[in-house]
$ cat target.pdb   # PDB, C-alpha atoms
ATOM      1  CA  MET A   1     133.025-271.388 -11.037
ATOM      2  CA  MET A   2     130.972-272.313 -14.084
ATOM      3  CA  THR A   3     127.558-271.410 -15.391
ATOM      4  CA  VAL A   4     124.755-273.205 -17.164
ATOM      5  CA  ARG A   5     123.847-270.892 -20.019
ATOM      6  CA  SER A   6     120.263-269.671 -20.070
ATOM      7  CA  ARG A   7     117.782-271.433 -22.328
ATOM      8  CA  LYS A   8     116.717-267.945 -23.461
ATOM      9  CA  LEU A   9     119.992-267.456 -25.349
ATOM     10  CA  PRO A  10     120.030-267.974 -29.123
ATOM     11  CA  LYS A  11     123.311-269.975 -29.075
ATOM     12  CA  TYR A  12     124.779-272.651 -26.815
ATOM     13  CA  ARG A  13     121.770-272.598 -24.470
ATOM     14  CA  GLY A  14     121.982-275.045 -21.598
ATOM     15  CA  GLN A  15     125.697-275.592 -22.117
ATOM     16  CA  ILE A  16     128.327-275.236 -19.409
ATOM     17  CA  SER A  17     130.603-272.229 -19.676
ATOM     18  CA  PHE A  18     132.661-269.763 -17.746
ATOM     19  CA  PRO A  19     131.336-266.231 -17.379
ATOM     20  CA  GLY A  20     132.468-264.184 -20.351
ATOM     21  CA  GLY A  21     131.436-262.569 -23.557
ATOM     22  CA  ASN A  22     132.183-260.149 -26.341
ATOM     23  CA  VAL A  23     134.476-257.165 -26.106
ATOM     24  CA  ASP A  24     132.666-253.827 -26.115
ATOM     25  CA  ALA A  25     134.260-250.980 -28.085
ATOM     26  CA  SER A  26     134.696-249.071 -24.806
ATOM     27  CA  ASP A  27     136.521-251.930 -23.008
ATOM     28  CA  PRO A  28     140.151-250.916 -22.428
ATOM     29  CA  SER A  29     141.449-254.524 -22.194
ATOM     30  CA  LEU A  30     140.479-258.174 -22.348
ATOM     31  CA  GLU A  31     140.849-258.374 -18.565
ATOM     32  CA  PHE A  32     138.333-255.533 -18.219
ATOM     33  CA  THR A  33     135.956-257.378 -20.548
ATOM     34  CA  ALA A  34     136.235-260.575 -18.484
ATOM     35  CA  LEU A  35     135.534-258.731 -15.222
ATOM     36  CA  ARG A  36     132.660-256.713 -16.731
ATOM     37  CA  GLU A  37     131.026-259.799 -18.225
ATOM     38  CA  THR A  38     131.431-261.741 -14.978
ATOM     39  CA  HIS A  39     129.764-258.917 -13.072
ATOM     40  CA  GLU A  40     126.923-258.723 -15.607
ATOM     41  CA  GLU A  41     126.310-262.485 -15.614
ATOM     42  CA  VAL A  42     126.779-263.482 -11.974
ATOM     43  CA  GLY A  43     127.026-260.242  -9.983
ATOM     44  CA  LEU A  44     130.573-260.613  -8.667
ATOM     45  CA  GLU A  45     132.337-257.272  -8.335
ATOM     46  CA  PRO A  46     135.560-256.858 -10.349
ATOM     47  CA  SER A  47     137.398-256.015  -7.120
ATOM     48  CA  ALA A  48     136.736-259.597  -5.914
ATOM     49  CA  PHE A  49     139.285-260.947  -8.389
ATOM     50  CA  ASP A  50     143.044-261.158  -8.548
ATOM     51  CA  ILE A  51     143.891-261.518 -12.236
ATOM     52  CA  TRP A  52     146.692-264.004 -12.830
ATOM     53  CA  GLY A  53     146.975-263.565 -16.571
ATOM     54  CA  GLN A  54     145.711-264.370 -20.019
ATOM     55  CA  MET A  55     146.082-267.731 -21.709
ATOM     56  CA  ASN A  56     146.723-268.193 -25.416
ATOM     57  CA  PRO A  57     143.672-267.654 -27.616
ATOM     58  CA  ILE A  58     141.582-270.687 -28.545
ATOM     59  CA  PRO A  59     139.400-270.921 -31.672
ATOM     60  CA  ALA A  60     135.769-271.068 -30.590
ATOM     61  CA  ALA A  61     134.774-273.074 -33.663
ATOM     62  CA  ARG A  62     136.311-276.265 -34.964
ATOM     63  CA  ASP A  63     136.605-274.969 -38.525
ATOM     64  CA  GLY A  64     138.836-272.060 -37.465
ATOM     65  CA  ARG A  65     136.412-269.509 -38.924
ATOM     66  CA  GLY A  66     134.872-268.586 -35.602
ATOM     67  CA  LYS A  67     135.887-266.149 -32.951
ATOM     68  CA  LEU A  68     138.924-266.523 -30.778
ATOM     69  CA  VAL A  69     138.382-266.939 -27.053
ATOM     70  CA  TYR A  70     140.991-265.391 -24.755
ATOM     71  CA  PRO A  71     140.737-267.162 -21.380
ATOM     72  CA  ILE A  72     141.576-264.904 -18.448
ATOM     73  CA  LEU A  73     142.739-266.692 -15.308
ATOM     74  CA  ALA A  74     141.722-265.056 -12.055
ATOM     75  CA  ARG A  75     141.374-266.036  -8.433
ATOM     76  CA  THR A  76     138.719-265.040  -5.969
ATOM     77  CA  GLY A  77     138.147-265.962  -2.357
ATOM     78  CA  GLU A  78     135.281-268.106  -1.119
ATOM     79  CA  VAL A  79     132.058-267.357  -2.963
ATOM     80  CA  ASP A  80     128.586-268.223  -1.728
ATOM     81  CA  VAL A  81     126.953-268.954  -5.086
ATOM     82  CA  SER A  82     123.489-268.871  -3.483
ATOM     83  CA  LYS A  83     123.959-265.138  -2.858
ATOM     84  CA  LEU A  84     125.052-264.156  -6.349
ATOM     85  CA  GLY A  85     122.847-262.057  -8.607
ATOM     86  CA  LEU A  86     122.490-264.147 -11.728
ATOM     87  CA  SER A  87     121.375-262.571 -14.986
ATOM     88  CA  ASP A  88     118.154-264.396 -15.934
ATOM     89  CA  GLU A  89     118.810-263.604 -19.591
ATOM     90  CA  GLU A  90     122.265-265.216 -19.635
ATOM     91  CA  VAL A  91     122.614-267.672 -16.741
ATOM     92  CA  GLU A  92     120.326-270.480 -15.652
ATOM     93  CA  GLU A  93     122.545-271.813 -12.865
ATOM     94  CA  ILE A  94     125.998-271.366 -11.350
ATOM     95  CA  PHE A  95     128.126-274.012  -9.663
ATOM     96  CA  THR A  96     131.670-274.523  -8.462
ATOM     97  CA  VAL A  97     134.031-277.454  -8.777
ATOM     98  CA  SER A  98     137.329-277.599  -6.892
ATOM     99  CA  ILE A  99     140.660-278.083  -8.601
ATOM    100  CA  LYS A 100     141.194-281.085  -6.327
ATOM    101  CA  HIS A 101     137.969-282.656  -7.616
ATOM    102  CA  LEU A 102     138.846-282.045 -11.273
ATOM    103  CA  CYS A 103     142.259-283.667 -10.764
ATOM    104  CA  ARG A 104     140.792-286.980  -9.600
ATOM    105  CA  PRO A 105     141.236-289.661 -12.293
ATOM    106  CA  GLU A 106     137.550-290.634 -12.122
ATOM    107  CA  SER A 107     136.519-287.053 -12.899
ATOM    108  CA  SER A 108     137.894-286.931 -16.423
ATOM    109  CA  GLY A 109     137.527-288.774 -19.682
ATOM    110  CA  VAL A 110     137.356-288.034 -23.371
ATOM    111  CA  THR A 111     134.689-287.559 -25.961
ATOM    112  CA  ARG A 112     135.353-288.258 -29.620
ATOM    113  CA  PHE A 113     133.797-286.294 -32.445
ATOM    114  CA  ARG A 114     133.770-288.032 -35.798
ATOM    115  CA  PRO A 115     133.354-286.456 -39.224
ATOM    116  CA  VAL A 116     129.868-286.231 -40.603
ATOM    117  CA  LYS A 117     128.764-286.152 -44.217
ATOM    118  CA  ASN A 118     129.708-282.857 -45.906
ATOM    119  CA  ASN A 119     132.214-281.946 -43.188
ATOM    120  CA  ASN A 120     134.525-280.176 -45.661
ATOM    121  CA  GLY A 121     137.301-282.696 -45.009
ATOM    122  CA  LEU A 122     137.637-281.968 -41.298
ATOM    123  CA  PRO A 123     139.170-284.861 -39.334
ATOM    124  CA  SER A 124     137.780-286.391 -36.167
ATOM    125  CA  TYR A 125     138.985-284.968 -32.873
ATOM    126  CA  THR A 126     139.077-285.898 -29.213
ATOM    127  CA  LEU A 127     138.337-283.534 -26.324
ATOM    128  CA  PRO A 128     138.537-283.854 -22.575
ATOM    129  CA  VAL A 129     135.267-284.213 -20.701
ATOM    130  CA  TYR A 130     134.621-283.868 -16.969
ATOM    131  CA  VAL A 131     131.891-286.207 -15.841
ATOM    132  CA  SER A 132     131.702-286.038 -12.062
ATOM    133  CA  ALA A 133     130.932-282.340 -11.660
ATOM    134  CA  PRO A 134     127.302-281.309 -11.048
ATOM    135  CA  HIS A 135     127.001-281.142 -14.846
ATOM    136  CA  ARG A 136     128.930-282.836 -17.645
ATOM    137  CA  VAL A 137     131.560-280.362 -18.862
ATOM    138  CA  TRP A 138     132.773-280.687 -22.443
ATOM    139  CA  GLY A 139     133.710-278.594 -25.467
ATOM    140  CA  LEU A 140     135.565-275.305 -25.170
ATOM    141  CA  THR A 141     135.015-275.153 -21.405
ATOM    142  CA  SER A 142     136.670-278.548 -20.923
ATOM    143  CA  ILE A 143     139.598-277.504 -23.135
ATOM    144  CA  ILE A 144     140.173-274.429 -20.960
ATOM    145  CA  ILE A 145     139.950-276.522 -17.771
ATOM    146  CA  HIS A 146     142.382-279.110 -19.170
ATOM    147  CA  MET A 147     144.893-276.443 -20.218
ATOM    148  CA  THR A 148     144.572-274.623 -16.898
ATOM    149  CA  LEU A 149     145.098-277.737 -14.786
ATOM    150  CA  ASN A 150     148.152-278.688 -16.844
ATOM    151  CA  LEU A 151     149.495-275.190 -16.243
ATOM    152  CA  LEU A 152     148.669-274.817 -12.534
ATOM    153  CA  VAL A 153     149.087-278.315 -11.101
ATOM    154  CA  PRO A 154     151.007-280.475 -13.605
ATOM    155  CA  ASP A 155     152.270-282.855 -10.912
ATOM    156  CA  VAL A 156     148.748-283.482  -9.585
ATOM    157  CA  TYR A 157     146.711-283.413 -12.788
ATOM    158  CA  THR A 158     147.990-286.413 -14.709
ATOM    159  CA  PHE A 159     145.142-286.880 -17.206
ATOM    160  CA  LYS A 160     146.241-286.954 -20.840
ATOM    161  CA  VAL A 161     143.970-286.650 -23.846
ATOM    162  CA  ARG A 162     144.860-289.353 -26.347
ATOM    163  CA  HIS A 163     143.602-289.207 -29.903
ATOM    164  CA  THR A 164     143.772-292.085 -32.353
ATOM    165  CA  PRO A 165     143.509-290.823 -35.941
ATOM    166  CA  ASP A 166     140.765-292.228 -38.116
ATOM    167  CA  VAL A 167     141.744-295.324 -40.039
ATOM    168  CA  CYS A 168     140.354-295.638 -43.549
TER
END

$ encode --input "target.pdb" --output "C-alpha cells"
Amino acid sequence: MMTVRSRKLPKYRGQISFPGGNVDASDPSLEFTALRETHEEVGLEPSAFDIWGQMNPIPAARDGRGKLVYPILARTGEVDVSKLGLSDEEVEEIFTVSIKHLCRPESSGVTRFRPVKNNNGLPSYTLPVYVSAPHRVWGLTSIIIHMTLNLLVPDVYTFKVRHTPDVC
C-alpha cells in the first residue's frame, strides 16, 4: 500500500510514499508512530496490522544530514482502498501493488543520479525504480521496497541494482 502525497504539502508533494511521519513526543515507540501516522493518513485502524519488525534506519537525504527513516514492516489483510478515509491534507491517492507484481523482471529498473555543479563532491548514485505500478516509484520508497523484497522473497525477487562509478 502506497500513497501519492498531497499537493498541499510543503515538501515532496505528488511523490509516492508509504504512510508515515514524524515521531511525536508522546509516542511510546516507532511502531506506535507508524500505526498512528497510518491511521491519520489513510484511516486504517492500528488493530488491522500485525507488526513484523523494524528495518535498519535509512538516511532520508543523500548528503547524510537529513533525518533517518525507520521502516516498520507490517501485514494487514485485504484492504478495500476505496473505503479508506484519506487525509486531504496529506494524501492525494492510495494504491496497492502486490509483491508478486513487484518481483516481475519487467516491473523494475534503475535510475541514475549524476552530480550537479556545486554538489559538494557527492558522487553519482543508482537507485531502483518500479515502473509498472500505477505510478512510477523511485527514491526512498523504492529503496525500502527493494530492501524488503530482498528480505522477504530473495529466491523470487532476483533484481539487482548495479552501479557503475563515474569515469573521469

$ closest_residue --input "target.pdb" --among "A:Ser29, A:Thr158, A:Ser132, A:Thr141" --to "Gln54 in chain A" --atoms "only C-alpha atoms"
A:Ser29

$ resolve_selection --input "target.pdb" --expression "the PyMOL selection byres ((chain A and resi 16) around 8)" --output "list in words"
Met2, Thr3, Val4, Arg5, Gly14, Gln15, Ser17, Phe18, His135, Arg136, Val137, Trp138 and Thr141 of chain A

$ atom_distance --input "target.pdb" --atom1 "CA of Val23 in chain A" --atom2 "CA of Leu35 in chain A"
11.0 Å

$ residues_around --input "target.pdb" --residues "Phe49 in chain A" --least-positions-apart "6" --cutoff "12 Å" --atoms "all atoms listed in the file" --output "number ranges by chain"
A: 31-32, 34-36, 38-39, 72-79

$ atom_distance --input "target.pdb" --atom1 "CA of Thr148 in chain A" --atom2 "CA of Leu122 in chain A"
26.4 Å

$ closest_residue --input "target.pdb" --among "A:Trp52, A:Phe159, A:Tyr70, A:Phe95" --to "Met1 in chain A" --atoms "only C-alpha atoms"
A:Phe95

$ closest_residue --input "target.pdb" --among "A:Cys103, A:Val129, A:Ser82, A:Glu90" --to "Val153 in chain A" --atoms "all atoms listed in the file"
A:Cys103

$ decode --input "target.pdb" --residues "range 47-94 of chain A" --atoms "N, CA and C atoms" --output "PDB file, in the first residue's frame"
ATOM      1  N   SER A  47      -5.226  -1.741  14.930  1.00  0.00           N
ATOM      2  CA  SER A  47      -5.507  -3.162  15.180  1.00  0.00           C
ATOM      3  C   SER A  47      -5.556  -3.985  13.887  1.00  0.00           C
ATOM      4  N   ALA A  48      -5.593  -3.335  12.729  1.00  0.00           N
ATOM      5  CA  ALA A  48      -5.629  -4.039  11.447  1.00  0.00           C
ATOM      6  C   ALA A  48      -4.268  -4.620  11.069  1.00  0.00           C
ATOM      7  N   PHE A  49      -3.227  -4.240  11.796  1.00  0.00           N
ATOM      8  CA  PHE A  49      -1.873  -4.620  11.417  1.00  0.00           C
ATOM      9  C   PHE A  49      -1.245  -5.627  12.358  1.00  0.00           C
ATOM     10  N   ASP A  50      -0.434  -6.482  11.774  1.00  0.00           N
ATOM     11  CA  ASP A  50       0.439  -7.388  12.507  1.00  0.00           C
ATOM     12  C   ASP A  50       1.851  -6.888  12.212  1.00  0.00           C
ATOM     13  N   ILE A  51       2.490  -6.304  13.211  1.00  0.00           N
ATOM     14  CA  ILE A  51       3.831  -5.747  13.007  1.00  0.00           C
ATOM     15  C   ILE A  51       4.846  -6.879  12.955  1.00  0.00           C
ATOM     16  N   TRP A  52       5.632  -6.891  11.888  1.00  0.00           N
ATOM     17  CA  TRP A  52       6.673  -7.907  11.726  1.00  0.00           C
ATOM     18  C   TRP A  52       7.999  -7.447  12.295  1.00  0.00           C
ATOM     19  N   GLY A  53       8.268  -6.157  12.252  1.00  0.00           N
ATOM     20  CA  GLY A  53       9.527  -5.671  12.787  1.00  0.00           C
ATOM     21  C   GLY A  53       9.968  -4.376  12.154  1.00  0.00           C
ATOM     22  N   GLN A  54      11.118  -3.930  12.592  1.00  0.00           N
ATOM     23  CA  GLN A  54      11.690  -2.667  12.128  1.00  0.00           C
ATOM     24  C   GLN A  54      12.951  -2.956  11.333  1.00  0.00           C
ATOM     25  N   MET A  55      13.069  -2.317  10.193  1.00  0.00           N
ATOM     26  CA  MET A  55      14.275  -2.447   9.379  1.00  0.00           C
ATOM     27  C   MET A  55      15.330  -1.465   9.885  1.00  0.00           C
ATOM     28  N   ASN A  56      16.535  -1.597   9.363  1.00  0.00           N
ATOM     29  CA  ASN A  56      17.599  -0.657   9.718  1.00  0.00           C
ATOM     30  C   ASN A  56      17.233   0.740   9.232  1.00  0.00           C
ATOM     31  N   PRO A  57      17.669   1.765   9.953  1.00  0.00           N
ATOM     32  CA  PRO A  57      17.368   3.132   9.523  1.00  0.00           C
ATOM     33  C   PRO A  57      18.049   3.472   8.204  1.00  0.00           C
ATOM     34  N   ILE A  58      17.384   4.346   7.438  1.00  0.00           N
ATOM     35  CA  ILE A  58      17.880   4.779   6.139  1.00  0.00           C
ATOM     36  C   ILE A  58      17.935   6.304   6.151  1.00  0.00           C
ATOM     37  N   PRO A  59      19.061   6.900   5.736  1.00  0.00           N
ATOM     38  CA  PRO A  59      19.095   8.369   5.655  1.00  0.00           C
ATOM     39  C   PRO A  59      18.069   8.861   4.639  1.00  0.00           C
ATOM     40  N   ALA A  60      17.302   9.853   5.025  1.00  0.00           N
ATOM     41  CA  ALA A  60      16.272  10.394   4.137  1.00  0.00           C
ATOM     42  C   ALA A  60      16.851  11.351   3.108  1.00  0.00           C
ATOM     43  N   ALA A  61      18.059  11.829   3.341  1.00  0.00           N
ATOM     44  CA  ALA A  61      18.694  12.753   2.396  1.00  0.00           C
ATOM     45  C   ALA A  61      20.027  12.170   1.956  1.00  0.00           C
ATOM     46  N   ARG A  62      20.369  12.422   0.726  1.00  0.00           N
ATOM     47  CA  ARG A  62      21.588  11.876   0.139  1.00  0.00           C
ATOM     48  C   ARG A  62      22.847  12.374   0.849  1.00  0.00           C
ATOM     49  N   ASP A  63      22.829  13.569   1.364  1.00  0.00           N
ATOM     50  CA  ASP A  63      24.032  14.135   1.975  1.00  0.00           C
ATOM     51  C   ASP A  63      24.271  13.644   3.400  1.00  0.00           C
ATOM     52  N   GLY A  64      23.368  12.808   3.927  1.00  0.00           N
ATOM     53  CA  GLY A  64      23.541  12.276   5.270  1.00  0.00           C
ATOM     54  C   GLY A  64      23.187  13.245   6.375  1.00  0.00           C
ATOM     55  N   ARG A  65      22.772  14.462   6.023  1.00  0.00           N
ATOM     56  CA  ARG A  65      22.447  15.464   7.047  1.00  0.00           C
ATOM     57  C   ARG A  65      20.961  15.476   7.382  1.00  0.00           C
ATOM     58  N   GLY A  66      20.195  14.683   6.677  1.00  0.00           N
ATOM     59  CA  GLY A  66      18.758  14.675   6.892  1.00  0.00           C
ATOM     60  C   GLY A  66      18.354  13.729   8.001  1.00  0.00           C
ATOM     61  N   LYS A  67      17.087  13.548   8.107  1.00  0.00           N
ATOM     62  CA  LYS A  67      16.528  12.642   9.104  1.00  0.00           C
ATOM     63  C   LYS A  67      16.783  11.197   8.719  1.00  0.00           C
ATOM     64  N   LEU A  68      16.689  10.340   9.704  1.00  0.00           N
ATOM     65  CA  LEU A  68      16.716   8.910   9.452  1.00  0.00           C
ATOM     66  C   LEU A  68      15.278   8.412   9.384  1.00  0.00           C
ATOM     67  N   VAL A  69      15.033   7.506   8.455  1.00  0.00           N
ATOM     68  CA  VAL A  69      13.721   6.883   8.327  1.00  0.00           C
ATOM     69  C   VAL A  69      13.859   5.456   8.845  1.00  0.00           C
ATOM     70  N   TYR A  70      12.948   5.057   9.718  1.00  0.00           N
ATOM     71  CA  TYR A  70      12.947   3.722  10.299  1.00  0.00           C
ATOM     72  C   TYR A  70      11.759   2.951   9.735  1.00  0.00           C
ATOM     73  N   PRO A  71      11.953   2.204   8.640  1.00  0.00           N
ATOM     74  CA  PRO A  71      10.821   1.470   8.064  1.00  0.00           C
ATOM     75  C   PRO A  71      10.299   0.400   9.027  1.00  0.00           C
ATOM     76  N   ILE A  72       9.002   0.366   9.185  1.00  0.00           N
ATOM     77  CA  ILE A  72       8.337  -0.638  10.008  1.00  0.00           C
ATOM     78  C   ILE A  72       7.584  -1.559   9.057  1.00  0.00           C
ATOM     79  N   LEU A  73       7.894  -2.843   9.110  1.00  0.00           N
ATOM     80  CA  LEU A  73       7.195  -3.812   8.267  1.00  0.00           C
ATOM     81  C   LEU A  73       5.985  -4.346   9.021  1.00  0.00           C
ATOM     82  N   ALA A  74       4.849  -4.328   8.353  1.00  0.00           N
ATOM     83  CA  ALA A  74       3.621  -4.831   8.961  1.00  0.00           C
ATOM     84  C   ALA A  74       2.754  -5.462   7.881  1.00  0.00           C
ATOM     85  N   ARG A  75       1.915  -6.367   8.310  1.00  0.00           N
ATOM     86  CA  ARG A  75       0.997  -7.034   7.393  1.00  0.00           C
ATOM     87  C   ARG A  75      -0.428  -6.709   7.815  1.00  0.00           C
ATOM     88  N   THR A  76      -1.272  -6.580   6.819  1.00  0.00           N
ATOM     89  CA  THR A  76      -2.695  -6.426   7.059  1.00  0.00           C
ATOM     90  C   THR A  76      -3.432  -7.343   6.093  1.00  0.00           C
ATOM     91  N   GLY A  77      -4.661  -7.627   6.389  1.00  0.00           N
ATOM     92  CA  GLY A  77      -5.456  -8.444   5.471  1.00  0.00           C
ATOM     93  C   GLY A  77      -5.858  -7.631   4.254  1.00  0.00           C
ATOM     94  N   GLU A  78      -6.814  -8.150   3.506  1.00  0.00           N
ATOM     95  CA  GLU A  78      -7.316  -7.435   2.329  1.00  0.00           C
ATOM     96  C   GLU A  78      -7.855  -6.068   2.737  1.00  0.00           C
ATOM     97  N   VAL A  79      -7.535  -5.071   1.940  1.00  0.00           N
ATOM     98  CA  VAL A  79      -7.982  -3.708   2.218  1.00  0.00           C
ATOM     99  C   VAL A  79      -8.679  -3.186   0.974  1.00  0.00           C
ATOM    100  N   ASP A  80      -9.879  -2.680   1.158  1.00  0.00           N
ATOM    101  CA  ASP A  80     -10.596  -2.022   0.062  1.00  0.00           C
ATOM    102  C   ASP A  80     -10.213  -0.547   0.116  1.00  0.00           C
ATOM    103  N   VAL A  81      -9.253  -0.148  -0.726  1.00  0.00           N
ATOM    104  CA  VAL A  81      -8.735   1.215  -0.664  1.00  0.00           C
ATOM    105  C   VAL A  81      -9.805   2.257  -0.973  1.00  0.00           C
ATOM    106  N   SER A  82     -10.863   1.866  -1.671  1.00  0.00           N
ATOM    107  CA  SER A  82     -11.934   2.824  -1.990  1.00  0.00           C
ATOM    108  C   SER A  82     -12.737   3.200  -0.750  1.00  0.00           C
ATOM    109  N   LYS A  83     -12.597   2.437   0.319  1.00  0.00           N
ATOM    110  CA  LYS A  83     -13.358   2.709   1.546  1.00  0.00           C
ATOM    111  C   LYS A  83     -12.519   3.341   2.647  1.00  0.00           C
ATOM    112  N   LEU A  84     -11.282   3.665   2.340  1.00  0.00           N
ATOM    113  CA  LEU A  84     -10.413   4.268   3.347  1.00  0.00           C
ATOM    114  C   LEU A  84     -10.712   5.764   3.477  1.00  0.00           C
ATOM    115  N   GLY A  85     -10.439   6.294   4.644  1.00  0.00           N
ATOM    116  CA  GLY A  85     -10.630   7.721   4.896  1.00  0.00           C
ATOM    117  C   GLY A  85      -9.322   8.467   4.756  1.00  0.00           C
ATOM    118  N   LEU A  86      -9.051   8.942   3.554  1.00  0.00           N
ATOM    119  CA  LEU A  86      -7.784   9.614   3.298  1.00  0.00           C
ATOM    120  C   LEU A  86      -7.777  11.029   3.860  1.00  0.00           C
ATOM    121  N   SER A  87      -6.655  11.428   4.404  1.00  0.00           N
ATOM    122  CA  SER A  87      -6.456  12.791   4.875  1.00  0.00           C
ATOM    123  C   SER A  87      -6.207  13.683   3.663  1.00  0.00           C
ATOM    124  N   ASP A  88      -7.126  14.608   3.381  1.00  0.00           N
ATOM    125  CA  ASP A  88      -6.962  15.509   2.238  1.00  0.00           C
ATOM    126  C   ASP A  88      -5.695  16.356   2.333  1.00  0.00           C
ATOM    127  N   GLU A  89      -5.261  16.638   3.543  1.00  0.00           N
ATOM    128  CA  GLU A  89      -4.076  17.471   3.740  1.00  0.00           C
ATOM    129  C   GLU A  89      -2.788  16.720   3.431  1.00  0.00           C
ATOM    130  N   GLU A  90      -2.805  15.382   3.550  1.00  0.00           N
ATOM    131  CA  GLU A  90      -1.567  14.619   3.408  1.00  0.00           C
ATOM    132  C   GLU A  90      -1.539  13.650   2.227  1.00  0.00           C
ATOM    133  N   VAL A  91      -2.718  13.163   1.815  1.00  0.00           N
ATOM    134  CA  VAL A  91      -2.765  12.102   0.810  1.00  0.00           C
ATOM    135  C   VAL A  91      -3.694  12.485  -0.327  1.00  0.00           C
ATOM    136  N   GLU A  92      -3.177  12.386  -1.537  1.00  0.00           N
ATOM    137  CA  GLU A  92      -3.968  12.656  -2.733  1.00  0.00           C
ATOM    138  C   GLU A  92      -4.631  11.382  -3.256  1.00  0.00           C
ATOM    139  N   GLU A  93      -3.924  10.265  -3.105  1.00  0.00           N
ATOM    140  CA  GLU A  93      -4.395   8.988  -3.643  1.00  0.00           C
ATOM    141  C   GLU A  93      -3.706   7.858  -2.890  1.00  0.00           C
ATOM    142  N   ILE A  94      -4.347   6.700  -2.858  1.00  0.00           N
ATOM    143  CA  ILE A  94      -3.738   5.500  -2.294  1.00  0.00           C
ATOM    144  C   ILE A  94      -3.885   4.379  -3.310  1.00  0.00           C
TER     145      ILE A  94
END
